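> This is the content of coords_37.cif (mmCIF, C-alpha atoms):
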```cif
data_input
loop_
_atom_site.group_PDB
_atom_site.id
_atom_site.type_symbol
_atom_site.label_atom_id
_atom_site.label_comp_id
_atom_site.auth_asym_id
_atom_site.auth_seq_id
_atom_site.Cartn_x
_atom_site.Cartn_y
_atom_site.Cartn_z
ATOM 1 C CA MET A 1 -3.138 -1.787 35.309
ATOM 2 C CA SER A 2 -0.643 1.062 35.265
ATOM 3 C CA THR A 3 -1.448 4.174 33.238
ATOM 4 C CA GLU A 4 2.127 5.419 33.429
ATOM 5 C CA VAL A 5 3.580 6.205 30.021
ATOM 6 C CA LYS A 6 6.976 4.627 29.515
ATOM 7 C CA TYR A 7 9.747 6.563 27.821
ATOM 8 C CA ASN A 8 10.584 5.529 24.322
ATOM 9 C CA PRO A 9 14.404 5.568 23.867
ATOM 10 C CA VAL A 10 13.832 8.004 20.993
ATOM 11 C CA TYR A 11 13.051 10.630 23.619
ATOM 12 C CA ASN A 12 16.282 10.248 25.601
ATOM 13 C CA SER A 13 17.933 13.262 23.956
ATOM 14 C CA GLU A 14 14.892 15.477 24.621
ATOM 15 C CA LEU A 15 14.771 14.324 28.220
ATOM 16 C CA ALA A 16 18.475 15.194 28.554
ATOM 17 C CA VAL A 17 17.789 18.700 27.152
ATOM 18 C CA ILE A 18 15.026 19.252 29.714
ATOM 19 C CA THR A 19 17.209 17.996 32.569
ATOM 20 C CA GLU A 20 20.094 20.224 31.487
ATOM 21 C CA GLY A 21 17.711 23.160 31.081
ATOM 22 C CA HIS A 22 16.545 22.811 34.687
ATOM 23 C CA ARG A 23 20.151 22.575 35.840
ATOM 24 C CA GLN A 24 21.078 25.752 33.946
ATOM 25 C CA LEU A 25 17.960 27.533 35.214
ATOM 26 C CA ASN A 26 18.997 26.878 38.811
ATOM 27 C CA LYS A 27 22.417 28.398 38.077
ATOM 28 C CA LEU A 28 21.029 31.771 36.919
ATOM 29 C CA ASN A 29 21.369 34.336 39.682
ATOM 30 C CA GLN A 30 18.896 36.974 40.850
ATOM 31 C CA SER A 31 20.490 39.713 38.705
ATOM 32 C CA MET A 32 19.279 37.797 35.653
ATOM 33 C CA ALA A 33 15.671 37.541 36.867
ATOM 34 C CA GLU A 34 14.056 38.623 33.585
ATOM 35 C CA LEU A 35 16.163 36.207 31.532
ATOM 36 C CA ARG A 36 15.557 33.463 34.100
ATOM 37 C CA ASP A 37 11.764 33.973 33.914
ATOM 38 C CA GLU A 38 11.772 33.868 30.103
ATOM 39 C CA TYR A 39 14.002 30.788 30.154
ATOM 40 C CA ARG A 40 11.688 29.095 32.678
ATOM 41 C CA THR A 41 8.650 29.839 30.471
ATOM 42 C CA LEU A 42 10.400 28.447 27.405
ATOM 43 C CA LEU A 43 11.562 25.368 29.294
ATOM 44 C CA ASN A 44 8.062 24.742 30.664
ATOM 45 C CA GLN A 45 6.558 25.006 27.170
ATOM 46 C CA TYR A 46 9.175 22.599 25.807
ATOM 47 C CA GLU A 47 8.461 20.179 28.637
ATOM 48 C CA ARG A 48 4.688 20.285 27.936
ATOM 49 C CA LEU A 49 5.339 19.659 24.243
ATOM 50 C CA PHE A 50 7.648 16.772 25.140
ATOM 51 C CA LYS A 51 5.008 15.163 27.398
ATOM 52 C CA SER A 52 2.300 15.585 24.758
ATOM 53 C CA SER A 53 4.380 14.087 21.967
ATOM 54 C CA ARG A 54 5.370 11.182 24.238
ATOM 55 C CA LYS A 55 1.703 10.467 25.001
ATOM 56 C CA ILE A 56 0.749 10.689 21.325
ATOM 57 C CA SER A 57 3.540 8.285 20.448
ATOM 58 C CA ALA A 58 2.442 5.844 23.150
ATOM 59 C CA ILE A 59 -1.173 5.993 21.938
ATOM 60 C CA SER A 60 -0.019 5.406 18.375
ATOM 61 C CA ASP A 61 2.043 2.391 19.486
ATOM 62 C CA VAL A 62 -0.926 0.909 21.346
ATOM 63 C CA GLN A 63 -3.246 1.467 18.383
ATOM 64 C CA GLY A 64 -0.691 -0.076 16.015
ATOM 65 C CA ASN A 65 -0.392 -3.142 18.234
ATOM 66 C CA MET A 66 -4.176 -3.457 18.460
ATOM 67 C CA LEU A 67 -4.484 -3.194 14.681
ATOM 68 C CA LYS A 68 -1.820 -5.863 14.173
ATOM 69 C CA GLN A 69 -3.613 -8.140 16.660
ATOM 70 C CA ARG A 70 -6.907 -7.679 14.814
ATOM 71 C CA GLU A 71 -5.175 -8.435 11.523
ATOM 72 C CA ASN A 72 -3.742 -11.627 13.029
ATOM 73 C CA ASP A 73 -7.165 -12.584 14.430
ATOM 74 C CA ILE A 74 -8.839 -12.089 11.051
ATOM 75 C CA GLN A 75 -6.122 -14.083 9.275
ATOM 76 C CA ASN A 76 -6.552 -16.861 11.847
ATOM 77 C CA LEU A 77 -10.317 -16.912 11.225
ATOM 78 C CA LEU A 78 -9.800 -17.051 7.483
ATOM 79 C CA ASP A 79 -7.221 -19.821 7.746
ATOM 80 C CA HIS A 80 -9.509 -21.991 9.863
ATOM 81 C CA ALA A 81 -12.775 -21.447 7.944
ATOM 82 C CA ASN A 82 -11.958 -24.129 5.344
ATOM 83 C CA GLN A 83 -12.896 -21.608 2.678
ATOM 84 C CA GLY A 84 -10.811 -19.832 0.090
ATOM 85 C CA PHE A 85 -10.743 -16.132 0.908
ATOM 86 C CA LEU A 86 -8.718 -13.582 -0.993
ATOM 87 C CA THR A 87 -8.860 -9.936 -1.964
ATOM 88 C CA VAL A 88 -7.823 -8.408 -5.242
ATOM 89 C CA GLY A 89 -6.410 -4.942 -5.819
ATOM 90 C CA PRO A 90 -7.386 -2.565 -8.635
ATOM 91 C CA ASN A 91 -4.591 -4.059 -10.754
ATOM 92 C CA LEU A 92 -6.340 -7.482 -10.579
ATOM 93 C CA ARG A 93 -3.505 -8.911 -8.491
ATOM 94 C CA VAL A 94 -4.182 -10.946 -5.348
ATOM 95 C CA ASN A 95 -3.264 -9.019 -2.210
ATOM 96 C CA LYS A 96 -0.680 -10.499 0.142
ATOM 97 C CA SER A 97 -3.322 -11.695 2.635
ATOM 98 C CA TYR A 98 -5.396 -14.697 1.679
ATOM 99 C CA SER A 99 -6.594 -17.826 3.449
ATOM 100 C CA ARG A 100 -4.506 -20.952 3.755
ATOM 101 C CA GLU A 101 -7.233 -22.822 1.865
ATOM 102 C CA CYS A 102 -6.310 -20.807 -1.257
ATOM 103 C CA VAL A 103 -2.889 -22.457 -1.254
ATOM 104 C CA ARG A 104 -4.608 -25.860 -1.290
ATOM 105 C CA ILE A 105 -7.103 -24.813 -3.979
ATOM 106 C CA PHE A 106 -4.531 -23.282 -6.322
ATOM 107 C CA GLY A 107 -1.645 -25.545 -5.335
ATOM 108 C CA ARG A 108 0.706 -22.653 -4.563
ATOM 109 C CA LYS A 109 1.065 -19.325 -2.817
ATOM 110 C CA ILE A 110 -0.935 -16.742 -4.709
ATOM 111 C CA GLY A 111 0.056 -13.341 -3.284
ATOM 112 C CA GLY A 112 0.665 -10.971 -6.197
ATOM 113 C CA ALA A 113 -0.741 -13.397 -8.773
ATOM 114 C CA ASP A 114 -3.037 -12.141 -11.532
ATOM 115 C CA ILE A 115 -6.576 -13.258 -10.609
ATOM 116 C CA THR A 116 -7.537 -13.868 -14.244
ATOM 117 C CA GLU A 117 -4.628 -16.266 -14.666
ATOM 118 C CA LEU A 118 -5.590 -18.072 -11.471
ATOM 119 C CA LEU A 119 -9.245 -18.480 -12.399
ATOM 120 C CA TRP A 120 -9.013 -19.143 -16.124
ATOM 121 C CA GLY A 121 -5.483 -20.517 -16.429
ATOM 122 C CA GLY A 122 -4.603 -17.789 -18.929
#
```
Kindly transcribe the structure held in the file into structure tokens.

Amino acid sequence: MSTEVKYNPVYNSELAVITEGHRQLNKLNQSMAELRDEYRTLLNQYERLFKSSRKISAISDVQGNMLKQRENDIQNLLDHANQGFLTVGPNLRVNKSYSRECVRIFGRKIGGADITELLWGG
């Protein structure tokens, strides 16, 4: 399994800035040594920030994918349990996720429905 972090296309402009910065740094002559050293320090700091933000973004993407997979797994379990499972928000409306069995029990999709109307036909 590779641990290499792939570039997100969002970072293409930052990568171009870093590449151009290195090109410009190589063009500075010895008479500009102080400016060149400050520029190198700034460029190195920018490059470290770029690498860190890229890693954070990659971690966030992986965690988001894992969370979505878990959500799908839970929904699959609920749908195949032959039980009616639903959750209700503080406004007494059924949340968008509920088991397939609820559709059979209530005879329709129930996301957003008022739970009191579903249970007591009011």
> From the set A:Tyr11, A:Phe85, A:Tyr39, A:Trp120, which residue has the shortest atom-to-atom contact distance to A:Gln24, counting all atoms listed in the file?
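For A:Gln24, the nearest of the candidates is A:Tyr39.
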> Neighbouring residues of stretch 18-20 of chain A were defined as those with any atom within 9 Å, considering only C-alpha atoms; residues of the same chain fewer than 2 positions away were excluded. Please report them as a short mmCIF file (atom, residue, chain, number, x, y, z; two decimals) with C-alpha atoms, in the coordinates of the input.

```cif
data_model
loop_
_atom_site.label_atom_id
_atom_site.label_comp_id
_atom_site.auth_asym_id
_atom_site.auth_seq_id
_atom_site.Cartn_x
_atom_site.Cartn_y
_atom_site.Cartn_z
CA SER A 13 17.93 13.26 23.96
CA GLU A 14 14.89 15.48 24.62
CA LEU A 15 14.77 14.32 28.22
CA ALA A 16 18.48 15.19 28.55
CA HIS A 22 16.55 22.81 34.69
CA ARG A 23 20.15 22.58 35.84
CA GLN A 24 21.08 25.75 33.95
CA LEU A 25 17.96 27.53 35.21
CA LEU A 43 11.56 25.37 29.29
CA ASN A 44 8.06 24.74 30.66
CA TYR A 46 9.18 22.60 25.81
CA GLU A 47 8.46 20.18 28.64
#
```
> Nearest to A:Ala81 among A:Glu101, A:Met66, A:Arg36, A:Gly21, with distances taken over only C-alpha atoms: which residue is it?
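Under the stated criterion, the closest residue is A:Glu101.
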> Which residues fall under the PyMOL selection byres ((chain A and resi 115) around 7) in this file, as a ChimeraX atom specification?
/A:92-94,113-114,116-119
> Would you output that residue set with C-alpha atoms, as a compact mmCIF listing (two decimals), keeping the file's coordinate frame?

```txt
# COMPACT_ATOMS: atom_id res chain seq x y z
CA LEU A 92 -6.34 -7.48 -10.58
CA ARG A 93 -3.50 -8.91 -8.49
CA VAL A 94 -4.18 -10.95 -5.35
CA ALA A 113 -0.74 -13.40 -8.77
CA ASP A 114 -3.04 -12.14 -11.53
CA THR A 116 -7.54 -13.87 -14.24
CA GLU A 117 -4.63 -16.27 -14.67
CA LEU A 118 -5.59 -18.07 -11.47
CA LEU A 119 -9.24 -18.48 -12.40
```
> I need the residue nearest A:Ser53 from this list: A:Leu86, A:Lys96, A:Val10, A:Arg40. Use all atoms listed in the file for the distance.
A:Val10
> To one decimal in Å, tell me the separation between atom CA of A:Arg70 and atom CA of A:Ser99.
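Taking atom CA of A:Arg70 and atom CA of A:Ser99, their separation equals 15.2 Å.
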> Rounded to one decimal, what separation in Å do you get between atom CA of A:Asn12 and atom CA of A:Lys68?
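Taking atom CA of A:Asn12 and atom CA of A:Lys68, their separation equals 26.8 Å.
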> Quick one: residues within 12 Å of A:Ser97, all atoms listed in the file, excluding same-chain residues fewer than 3 positions away - as a count of residues only?
24
> Please, what is the axis-aligned box for every listed atom of stretch 9-14 of chain A with 5 Å on each side, as centre and edge lengths in Å to one decimal, as AutoDock Vina command-line options?

```
--center_x 15.5 --center_y 10.5 --center_z 23.3 --size_x 14.9 --size_y 19.9 --size_z 14.6
```
> Please, what distance in Å, to one decimal, runs between atom CA of A:Val62 and atom CA of A:Pro9?
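Rounded to one decimal, the two atoms are 16.2 Å apart.
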